[in-house]
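Undergrad: Once you've had a glance at the structure underneath, I'll fire off some questions.
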Amino acid sequence: MSPRLNRGTPEAVEDEREQDALLIVHLGFGAFARAHTAVYTEEANRAEGGSSWEIVAVTQRSNTVVDELAPQDGLFSVLEEGEGAADPRLITCVREVLSGPDRSETVVERIADDRTRVVALTITEKGYRAVPGTGRADLDDPLVRADLQNRAPTTAVGQIVRGLQRRADRGGAPITVVSCDNLPANGRLTSGVVVSFVEALPEAERVALLAWIEQNTAFPNTMVDRMVPQPTPAVRARAAGWLGVRDAGAVSCEPYRQWVVEDAFASHRPAWDKAGAVFGGDVEAWENTKLRVLNASHSLLAYLGLFAGHASINEAVADETFAGVCRAMLTEEVVPTLDVPRGVDAEDYCASVLHRFANPALGHTTAKVGSDGSQKLGPRLLSTARLCLDAGIEPRWTALAVAAWMYHVVTGGATTEDEPLAGRLREAVGERSSAEETVRALLSCKGVFDETTGGDPGFRAAVTRWYAVLCFGGLGALREEVALHHAAP
Ligand code: CS2
């Protein structure tokens, strides 16, 4: 077997560990973090003329990333794929890789460490363990409950709070918690989850900590964008070809990347702006636009693609019926109810997103984008449904996306591996056989649908019509039905 990438291999940039480097503790260091946030940090360091920021990479549940990166001293390569791709690059700013579940005490200690000025999060929607629609931690979640008692916490919120608590006890420097997940107002959500967790602690711990957090911790909202598929053996083979050594941590991504960050930091931050991040932009409008255009279309194409047997997003968007559905959803339902950021042309933005989806080299799978649907539907699609219903627009295409998700759930696509509410959804559906009963049961699932949207008779009727076509008509019938709707005024 060929040798493995590490800081001793000649291909790696040999640089001394900086004694005075500041730290970013990154919770959830999966493929996205490696191809997005770490790339910005690497470039920011370079722009500043040295490695002034180092990342402590923490995994959430599995140890795969530790196994990939720890033997390589945190080094890995990032390979852009498709039109406009830059040369591969080696990322050198990760200096420690920790298993969150196994090394929770160290994680807490790193967050408390005075050199740490940023905690970054890419923990996915479900990692926040929030009660949907409330912005507060789910205190009924067994792991959250355990962490309220626990000094060696396993949840992200538990790790952050225990780290801040230790930091406060030591009178540490202010710190910023930067959420990089696809959720509206992700900073506000993180702050709500952290504060509600602290509020549930015993009074002796609670009062001083709340005051410290209020004065010393910032939670800026951010919008992150870059399509990063699950790394495959082919990606690792390409990296090895480039490096001449094995790289188990290599990731691939599209050339495009964007990061809009609210300029509200409590203390130092990396010069991410020098790597292209935009500070103080129209963050809220960007978050909503990206979620309701890009992520919504992504989910729509994923579920329609899974239905039709398309393995990747680029295959799904090459299917004219589905591309047409996507364009119709954007033009008829999303854009009329969306406030785009200043200076952005909505049509151009939508077209650029569909162009990015068509990247044939990316291999972004419909299964991956379709995972965790119960967590993604709300911010991506149901917001549009609600706004359309309020504006008197029938959200027929958004309803098709929801129906296709339901089909995916009912036909067994949503396993416990890739859907946190799999058990609850299965239970809700039970033995029901009619389209109407099934749709009604799923629309009543709290944690996915709120009462106003899930309980709206017009929305239910639209979802039921599509669901029946998917279940009892098949692909041909779906294509015909879509054509009829396109022809309808
Ligand atoms: C995708 C996102 O997996 C998914 O749900 O929609 O990860 C998407 O690729 C990114 O948000 C693009 O920025």
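Chains: A, B, ... in order of the structure tokens. Residues: from 1 per chain. Ligands: from 1, in order shown.
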Might you pull out every residue within 8 Å of A:Ala302, with only C-alpha atoms counted and same-chain residues fewer than 6 positions away left off, and present them as a ChimeraX atom specification?

TA: /A:312-313,316,365-367,369-370

Undergrad: Would you list, as an mmCIF file with C-alpha atoms, in the first residue's frame, the residues of stretch 96-170 of chain A that end up in alpha helix (DSSP H) under DSSP run on this structure's backbone?

TA:
```cif
data_model
loop_
_atom_site.group_PDB
_atom_site.id
_atom_site.type_symbol
_atom_site.label_atom_id
_atom_site.label_comp_id
_atom_site.auth_asym_id
_atom_site.auth_seq_id
_atom_site.Cartn_x
_atom_site.Cartn_y
_atom_site.Cartn_z
ATOM 1 C CA SER A 104 -15.621 15.374 24.938
ATOM 2 C CA GLU A 105 -13.522 16.601 27.867
ATOM 3 C CA THR A 106 -10.835 17.783 25.434
ATOM 4 C CA VAL A 107 -13.471 19.425 23.240
ATOM 5 C CA VAL A 108 -14.776 21.375 26.241
ATOM 6 C CA GLU A 109 -11.224 22.330 27.173
ATOM 7 C CA ARG A 110 -10.470 23.565 23.639
ATOM 8 C CA ILE A 111 -13.604 25.753 23.619
ATOM 9 C CA ALA A 112 -12.518 27.151 26.997
ATOM 10 C CA PRO A 142 -32.507 12.189 25.778
ATOM 11 C CA LEU A 143 -29.001 13.341 24.801
ATOM 12 C CA VAL A 144 -29.786 16.963 25.672
ATOM 13 C CA ARG A 145 -31.231 15.817 28.991
ATOM 14 C CA ALA A 146 -28.123 13.773 29.681
ATOM 15 C CA ASP A 147 -25.874 16.725 28.821
ATOM 16 C CA LEU A 148 -27.690 18.969 31.297
ATOM 17 C CA GLN A 149 -26.228 16.689 33.989
ATOM 18 C CA ALA A 156 -23.040 20.245 20.174
ATOM 19 C CA VAL A 157 -25.097 22.463 22.476
ATOM 20 C CA GLY A 158 -23.766 20.646 25.543
ATOM 21 C CA GLN A 159 -20.172 20.983 24.341
ATOM 22 C CA ILE A 160 -20.585 24.683 23.596
ATOM 23 C CA VAL A 161 -22.256 25.468 26.918
ATOM 24 C CA ARG A 162 -19.759 23.492 29.025
ATOM 25 C CA GLY A 163 -16.904 25.117 27.099
ATOM 26 C CA LEU A 164 -18.343 28.596 27.650
ATOM 27 C CA GLN A 165 -18.945 27.780 31.313
ATOM 28 C CA ARG A 166 -15.310 26.832 31.854
ATOM 29 C CA ARG A 167 -14.207 29.867 29.882
ATOM 30 C CA ALA A 168 -16.411 32.136 32.003
ATOM 31 C CA ASP A 169 -15.007 30.592 35.219
#
```

Undergrad: Quick one: residues within 10 Å of A:Arg188, only C-alpha atoms, excluding same-chain residues fewer than 6 positions away - as an NGL selection string?

TA: :A and (135 or 179 or 194 or 218-221)

Undergrad: So that I can check the secondary structure, give me every residue of stretch 82-142 of chain A assigned strand (DSSP E or B) by backbone DSSP, as a list in words.

TA: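 Output for stretch 82-142 of chain A, strand (DSSP E or B) only: Arg89, Leu90, Ile91, Val94, Arg95, Glu96, Val97, Leu98, Ser99, Thr116, Arg117, Val118, Val119, Ala120, Leu121, Ala130, Val131, Arg136 and Ala137 of chain A.
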
Undergrad: Go ahead and save the picked residues with all heavy atoms, as a tab-separated table (two decimals), in the first residue's frame.

TA:
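Contents of selection00.tsv, as written:
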```
chain	number	residue	atom	x	y	z
A	89	ARG	N	-5.78	21.51	-4.21
A	89	ARG	CA	-4.97	22.22	-3.21
A	89	ARG	C	-4.93	21.42	-1.91
A	89	ARG	O	-5.83	20.64	-1.61
A	89	ARG	CB	-5.56	23.59	-2.94
A	89	ARG	CG	-6.97	23.52	-2.41
A	89	ARG	CD	-7.42	24.81	-1.87
A	89	ARG	NE	-7.20	25.83	-2.90
A	89	ARG	CZ	-7.63	27.08	-2.75
A	89	ARG	NH1	-8.25	27.43	-1.66
A	89	ARG	NH2	-7.43	27.96	-3.70
A	90	LEU	N	-3.85	21.65	-1.18
A	90	LEU	CA	-3.67	20.96	0.09
A	90	LEU	C	-4.07	21.92	1.21
A	90	LEU	O	-3.64	23.08	1.21
A	90	LEU	CB	-2.19	20.58	0.22
A	90	LEU	CG	-1.86	19.63	1.33
A	90	LEU	CD1	-2.49	18.27	1.08
A	90	LEU	CD2	-0.33	19.46	1.41
A	91	ILE	N	-4.85	21.44	2.15
A	91	ILE	CA	-5.27	22.29	3.27
A	91	ILE	C	-4.41	21.91	4.48
A	91	ILE	O	-4.35	20.74	4.87
A	91	ILE	CB	-6.78	22.09	3.57
A	91	ILE	CG1	-7.62	22.41	2.32
A	91	ILE	CG2	-7.22	22.94	4.76
A	91	ILE	CD1	-7.53	23.82	1.80
A	94	VAL	N	-5.56	22.52	9.63
A	94	VAL	CA	-6.15	21.70	10.69
A	94	VAL	C	-5.02	21.10	11.51
A	94	VAL	O	-4.17	20.39	10.99
A	94	VAL	CB	-7.03	20.58	10.10
A	94	VAL	CG1	-7.53	19.65	11.21
A	94	VAL	CG2	-8.19	21.18	9.35
A	95	ARG	N	-4.97	21.41	12.80
A	95	ARG	CA	-3.84	20.95	13.62
A	95	ARG	C	-4.20	19.89	14.64
A	95	ARG	O	-3.34	19.30	15.27
A	95	ARG	CB	-3.22	22.16	14.34
A	95	ARG	CG	-2.43	23.03	13.42
A	95	ARG	CD	-1.34	22.22	12.71
A	95	ARG	NE	-0.52	23.10	11.91
A	95	ARG	CZ	0.80	23.04	11.87
A	95	ARG	NH1	1.44	22.13	12.56
A	95	ARG	NH2	1.47	23.87	11.11
A	96	GLU	N	-5.53	19.69	14.84
A	96	GLU	CA	-5.91	18.65	15.80
A	96	GLU	C	-7.25	18.10	15.34
A	96	GLU	O	-8.10	18.86	14.87
A	96	GLU	CB	-6.04	19.26	17.20
A	96	GLU	CG	-6.23	18.23	18.27
A	96	GLU	CD	-6.26	18.83	19.69
A	96	GLU	OE1	-6.60	20.02	19.82
A	96	GLU	OE2	-5.96	18.09	20.63
A	97	VAL	N	-7.41	16.80	15.44
A	97	VAL	CA	-8.67	16.18	15.04
A	97	VAL	C	-9.17	15.35	16.22
A	97	VAL	O	-8.46	14.48	16.72
A	97	VAL	CB	-8.46	15.26	13.81
A	97	VAL	CG1	-9.80	14.78	13.27
A	97	VAL	CG2	-7.68	15.97	12.72
A	98	LEU	N	-10.38	15.67	16.69
A	98	LEU	CA	-10.88	15.02	17.90
A	98	LEU	C	-12.19	14.31	17.63
A	98	LEU	O	-13.07	14.86	16.94
A	98	LEU	CB	-11.14	16.07	18.99
A	98	LEU	CG	-9.95	16.88	19.50
A	98	LEU	CD1	-10.46	18.00	20.41
A	98	LEU	CD2	-9.01	15.96	20.27
A	99	SER	N	-12.36	13.16	18.22
A	99	SER	CA	-13.65	12.49	18.17
A	99	SER	C	-14.53	13.12	19.25
A	99	SER	O	-14.23	13.04	20.44
A	99	SER	CB	-13.45	11.00	18.47
A	99	SER	OG	-14.64	10.47	18.99
A	116	THR	N	-8.77	30.12	21.68
A	116	THR	CA	-9.93	29.90	20.80
A	116	THR	C	-10.78	31.16	20.77
A	116	THR	O	-11.19	31.67	21.80
A	116	THR	CB	-10.76	28.70	21.32
A	116	THR	OG1	-9.92	27.55	21.33
A	116	THR	CG2	-11.97	28.44	20.45
A	117	ARG	N	-11.03	31.65	19.59
A	117	ARG	CA	-11.88	32.84	19.46
A	117	ARG	C	-13.13	32.57	18.64
A	117	ARG	O	-14.02	33.40	18.58
A	117	ARG	CB	-11.09	34.00	18.82
A	117	ARG	CG	-9.88	34.44	19.64
A	117	ARG	CD	-10.31	34.86	21.04
A	117	ARG	NE	-9.19	34.85	21.96
A	117	ARG	CZ	-8.42	35.89	22.18
A	117	ARG	NH1	-8.66	37.02	21.56
A	117	ARG	NH2	-7.42	35.81	23.03
A	118	VAL	N	-13.15	31.42	17.98
A	118	VAL	CA	-14.30	31.08	17.14
A	118	VAL	C	-14.66	29.61	17.36
A	118	VAL	O	-13.77	28.75	17.41
A	118	VAL	CB	-13.97	31.30	15.64
A	118	VAL	CG1	-15.10	30.76	14.75
A	118	VAL	CG2	-13.71	32.77	15.32
A	119	VAL	N	-15.97	29.35	17.53
A	119	VAL	CA	-16.46	27.98	17.44
A	119	VAL	C	-17.31	27.94	16.17
A	119	VAL	O	-18.24	28.74	16.04
A	119	VAL	CB	-17.33	27.59	18.65
A	119	VAL	CG1	-17.92	26.19	18.48
A	119	VAL	CG2	-16.53	27.66	19.94
A	120	ALA	N	-16.94	27.11	15.21
A	120	ALA	CA	-17.71	27.04	13.96
A	120	ALA	C	-18.54	25.76	13.97
A	120	ALA	O	-18.12	24.75	14.53
A	120	ALA	CB	-16.76	27.04	12.76
A	121	LEU	N	-19.72	25.84	13.39
A	121	LEU	CA	-20.62	24.68	13.40
A	121	LEU	C	-21.05	24.28	12.01
A	121	LEU	O	-21.59	25.11	11.27
A	121	LEU	CB	-21.91	25.00	14.17
A	121	LEU	CG	-21.82	25.55	15.57
A	121	LEU	CD1	-23.23	25.84	16.10
A	121	LEU	CD2	-21.17	24.52	16.47
A	130	ALA	N	-33.17	21.35	18.24
A	130	ALA	CA	-34.11	22.41	18.61
A	130	ALA	C	-35.53	21.91	18.45
A	130	ALA	O	-35.79	21.02	17.63
A	130	ALA	CB	-33.89	23.62	17.71
A	131	VAL	N	-36.44	22.47	19.23
A	131	VAL	CA	-37.86	22.18	19.01
A	131	VAL	C	-38.26	23.03	17.80
A	131	VAL	O	-38.10	24.25	17.84
A	131	VAL	CB	-38.72	22.58	20.23
A	131	VAL	CG1	-40.19	22.27	19.98
A	131	VAL	CG2	-38.20	21.90	21.48
A	136	ARG	N	-35.57	26.94	20.43
A	136	ARG	CA	-35.06	26.55	21.76
A	136	ARG	C	-34.63	25.08	21.75
A	136	ARG	O	-35.13	24.28	20.94
A	136	ARG	CB	-36.15	26.77	22.82
A	136	ARG	CG	-36.49	28.25	22.99
A	136	ARG	CD	-37.61	28.45	23.99
A	136	ARG	NE	-37.22	28.15	25.36
A	136	ARG	CZ	-36.55	28.97	26.15
A	136	ARG	NH1	-36.17	30.15	25.71
A	136	ARG	NH2	-36.27	28.63	27.39
A	137	ALA	N	-33.71	24.75	22.65
A	137	ALA	CA	-33.22	23.37	22.72
A	137	ALA	C	-34.37	22.44	23.10
A	137	ALA	O	-35.24	22.80	23.90
A	137	ALA	CB	-32.11	23.28	23.76
```

Undergrad: Pick from A:Leu79, A:Val177, A:Val410, A:Ala33: nearest to A:Ala237, with only C-alpha atoms counted?

TA: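 Closest to A:Ala237, using only C-alpha atoms: A:Leu79.
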